[in-house]
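Below is one structure, written out as structure tokens; the observations come after it.
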Amino acid sequence: MGTTGGAAESGRRVGRPRADRRPDSGLAPREELLVAAAELFTSLGYAATSTRAVAERAGMRQASMYHYVSGKEELLAELLESTVTPSLAYARELLADDRLPAEDRLWELCRADVEVLCGGTHNLGGLYLLPEVRAERFAGFHAVRAELKDAYRQLLAATAAGGALAKGELDLRTDLLFGLIEGVILVHRSDPERPVSVFAEATADAALRIAGIQVRHPAGAPVRHLAGIRVRHTTGS
């Protein structure tokens, strides 16, 4: 479908008029749908949330919604990937920069990943537990998640403790470490008021102990922002 006039200039697709059920947030329609879906999926549940409810929460009619997304599954898939892609981007940076010991980089990845999972307005990590996520439609999310897990394995293997492990033991320690990081979504859900930064550092400490590594916090590194989360800068001052 083509665009004309102001719609072409703004990049929005032409659709039916919006329902205007709430003040304009300034977000693009697709972003408004993602925000609405995040709120409803985590509060009402995925199965209990209708496409009509998502559209109305985003301030548009249900028919207009399909100009921007194909339905609930597309929204869920994008929300799931949003919980992994910032951590994966940071993991790639940590793997490429060997100026800090692997132990420190692994601790930092654990800490940052927990902040991604628990630092948002809604507990999107809880969506991992949905049975629907096992469907083929979510293969993209599973591929990104698998790459992130492999980054954990590579960093663990680069440590003195990990380098001494046989492959089977290394894989087991990686599974345990990665399982702990993703498991924080359940702990966070039970006490959402707990300060995320403190929670993230404590979880990173525990993860390294599971991996058989003596905990030693990276010290004196300045904090920077990456994809909206607090991340300690590890590439030098």
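Here's how to read the names in the structure tokens: chain A, B, ... by the order shown, residue numbers from 1 in each chain, ligand numbers from 1 in the order shown.
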
Near Thr51 of chain A, counting only C-alpha atoms, which residues have an atom at most 9 Å away, once you skip same-chain residues fewer than 2 positions from it, shown as an NGL selection string?
:A and (37 or 49 or 53-56 or 62 or 65 or 71-72)

Residues within 8 Å of Thr83 of chain A, only C-alpha atoms, excluding chain neighbours under 5 positions, as a PyMOL selection string:
chain A and resi 116-117+124-125

Same residues, N, CA and C atoms, output as an mmCIF file, in the first residue's frame:
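selection26.cif written:
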```
data_model
loop_
_atom_site.group_PDB
_atom_site.id
_atom_site.type_symbol
_atom_site.label_atom_id
_atom_site.label_comp_id
_atom_site.auth_asym_id
_atom_site.auth_seq_id
_atom_site.Cartn_x
_atom_site.Cartn_y
_atom_site.Cartn_z
ATOM 1 N N VAL A 116 19.538 -6.306 31.840
ATOM 2 C CA VAL A 116 18.648 -6.319 30.683
ATOM 3 C C VAL A 116 17.352 -7.066 31.024
ATOM 4 N N LEU A 117 17.498 -8.222 31.650
ATOM 5 C CA LEU A 117 16.331 -9.052 31.956
ATOM 6 C C LEU A 117 15.419 -8.415 32.999
ATOM 7 N N LEU A 124 9.775 -8.749 31.002
ATOM 8 C CA LEU A 124 9.694 -9.470 29.731
ATOM 9 C C LEU A 124 10.384 -10.821 29.791
ATOM 10 N N GLY A 125 11.362 -10.963 30.675
ATOM 11 C CA GLY A 125 12.025 -12.257 30.805
ATOM 12 C C GLY A 125 11.052 -13.355 31.176
#
```

Using only C-alpha atoms, pick whichever of A:Ala63, A:Leu127, A:Ala135, A:Ala96 has the shortest atom-to-atom distance to Leu76 of chain A.
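Among the listed residues, A:Leu127 lies closest to Leu76 of chain A.
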
Report the distance between atom CA of Ala58 of chain A and atom CA of His188 of chain A in Å, rounded to one decimal place.
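Spanning atom CA of Ala58 of chain A to atom CA of His188 of chain A is a straight-line distance of 26.7 Å.
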
Pull the closest atom pair for each residue of segment 85-109 of chain A that gets at most 12 Å from segment 166-182 of chain A, along with the distance in Å to one decimal, counting only C-alpha atoms, ordering rows by chain and then ascending residue number, as JSON lines.
```
{"residue": "A:Ser87", "atom": "CA", "partner": "A:Ile181", "partner_atom": "CA", "distance": 11.7}
{"residue": "A:Leu106", "atom": "CA", "partner": "A:Leu177", "partner_atom": "CA", "distance": 10.4}
{"residue": "A:Trp107", "atom": "CA", "partner": "A:Leu177", "partner_atom": "CA", "distance": 10.8}
{"residue": "A:Leu109", "atom": "CA", "partner": "A:Ile181", "partner_atom": "CA", "distance": 10.0}
```

I need the residues from that last selection saved to file as a PDB file, in the first residue's frame (with N, CA and C atoms), if you can.
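The result, written out as selection_13.pdb:
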```
ATOM      1  N   SER A  87      22.275  -7.799  25.201  1.00  0.00           N
ATOM      2  CA  SER A  87      23.304  -8.598  25.876  1.00  0.00           C
ATOM      3  C   SER A  87      24.232  -9.255  24.868  1.00  0.00           C
ATOM      4  N   LEU A 106      33.584 -12.100  31.992  1.00  0.00           N
ATOM      5  CA  LEU A 106      32.454 -12.996  32.218  1.00  0.00           C
ATOM      6  C   LEU A 106      31.554 -12.439  33.320  1.00  0.00           C
ATOM      7  N   TRP A 107      32.161 -11.951  34.397  1.00  0.00           N
ATOM      8  CA  TRP A 107      31.378 -11.343  35.480  1.00  0.00           C
ATOM      9  C   TRP A 107      30.562 -10.165  34.950  1.00  0.00           C
ATOM     10  N   LEU A 109      29.538  -9.596  31.867  1.00  0.00           N
ATOM     11  CA  LEU A 109      28.444 -10.048  31.006  1.00  0.00           C
ATOM     12  C   LEU A 109      27.278 -10.538  31.855  1.00  0.00           C
TER      13      LEU A 109
END
```

Best match for closeness to Phe41 of chain A among A:Phe199, A:Tyr66, A:Tyr152, A:Tyr128, counting only C-alpha atoms:
A:Tyr128

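The spacing separating atom CA of Thr42 of chain A from atom CA of Tyr90 of chain A amounts to 25.8 Å.
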
As a ChimeraX atom specification, please: the residues near segment 153-160 of chain A (cut-off 7 Å, only C-alpha atoms, same-chain neighbours under 2 positions excluded).
/A:95,102-103,106,149-151,162-164,174

Tell me, which residues of segment 114-184 of chain A carry DSSP alpha helix (DSSP H), written as an NGL selection string?
:A and (114-118 or 139-157 or 160-163 or 167-184)

If DSSP is run on the backbone, what residues of segment 4-235 of chain A are strand (DSSP E)? A reply as a list in words would be ideal.
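Across segment 4-235 of chain A, those assigned strand (DSSP E) are Val223, Arg224, His225, Leu226, Ile229, Arg230, Val231 and Arg232 of chain A.
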
Output N, CA, C and O atoms for every residue in that selection, as a PDB file, in the first residue's frame.
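Result written to selection.pdb:
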```
ATOM      1  N   VAL A 223      31.190   3.849  34.359  1.00  0.00           N
ATOM      2  CA  VAL A 223      29.927   3.286  33.893  1.00  0.00           C
ATOM      3  C   VAL A 223      29.499   3.970  32.611  1.00  0.00           C
ATOM      4  O   VAL A 223      29.619   5.172  32.461  1.00  0.00           O
ATOM      5  N   ARG A 224      29.031   3.227  31.648  1.00  0.00           N
ATOM      6  CA  ARG A 224      28.498   3.806  30.430  1.00  0.00           C
ATOM      7  C   ARG A 224      27.121   3.217  30.161  1.00  0.00           C
ATOM      8  O   ARG A 224      26.691   2.279  30.836  1.00  0.00           O
ATOM      9  N   HIS A 225      26.432   3.759  29.170  1.00  0.00           N
ATOM     10  CA  HIS A 225      25.104   3.279  28.811  1.00  0.00           C
ATOM     11  C   HIS A 225      25.186   2.482  27.516  1.00  0.00           C
ATOM     12  O   HIS A 225      25.826   2.905  26.564  1.00  0.00           O
ATOM     13  N   LEU A 226      24.524   1.361  27.492  1.00  0.00           N
ATOM     14  CA  LEU A 226      24.461   0.541  26.283  1.00  0.00           C
ATOM     15  C   LEU A 226      23.028   0.064  26.133  1.00  0.00           C
ATOM     16  O   LEU A 226      22.518  -0.661  26.979  1.00  0.00           O
ATOM     17  N   ILE A 229      20.779   0.443  29.231  1.00  0.00           N
ATOM     18  CA  ILE A 229      21.071  -0.193  30.509  1.00  0.00           C
ATOM     19  C   ILE A 229      22.412   0.290  31.023  1.00  0.00           C
ATOM     20  O   ILE A 229      23.261   0.750  30.257  1.00  0.00           O
ATOM     21  N   ARG A 230      22.596   0.229  32.329  1.00  0.00           N
ATOM     22  CA  ARG A 230      23.873   0.593  32.913  1.00  0.00           C
ATOM     23  C   ARG A 230      24.872  -0.529  32.671  1.00  0.00           C
ATOM     24  O   ARG A 230      24.634  -1.667  33.023  1.00  0.00           O
ATOM     25  N   VAL A 231      25.989  -0.188  32.070  1.00  0.00           N
ATOM     26  CA  VAL A 231      27.016  -1.190  31.779  1.00  0.00           C
ATOM     27  C   VAL A 231      28.368  -0.617  32.154  1.00  0.00           C
ATOM     28  O   VAL A 231      28.703   0.490  31.737  1.00  0.00           O
ATOM     29  N   ARG A 232      29.159  -1.339  32.948  1.00  0.00           N
ATOM     30  CA  ARG A 232      30.483  -0.872  33.300  1.00  0.00           C
ATOM     31  C   ARG A 232      31.402  -0.950  32.086  1.00  0.00           C
ATOM     32  O   ARG A 232      31.466  -1.955  31.408  1.00  0.00           O
TER      33      ARG A 232
END
```

Selected residue, from A:Gly120, A:Ala36, A:Asp97, A:Phe141, that lies nearest to Leu80 of chain A when counting only C-alpha atoms
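Looking only at the distances to Leu80 of chain A, the closest residue turns out to be A:Phe141.
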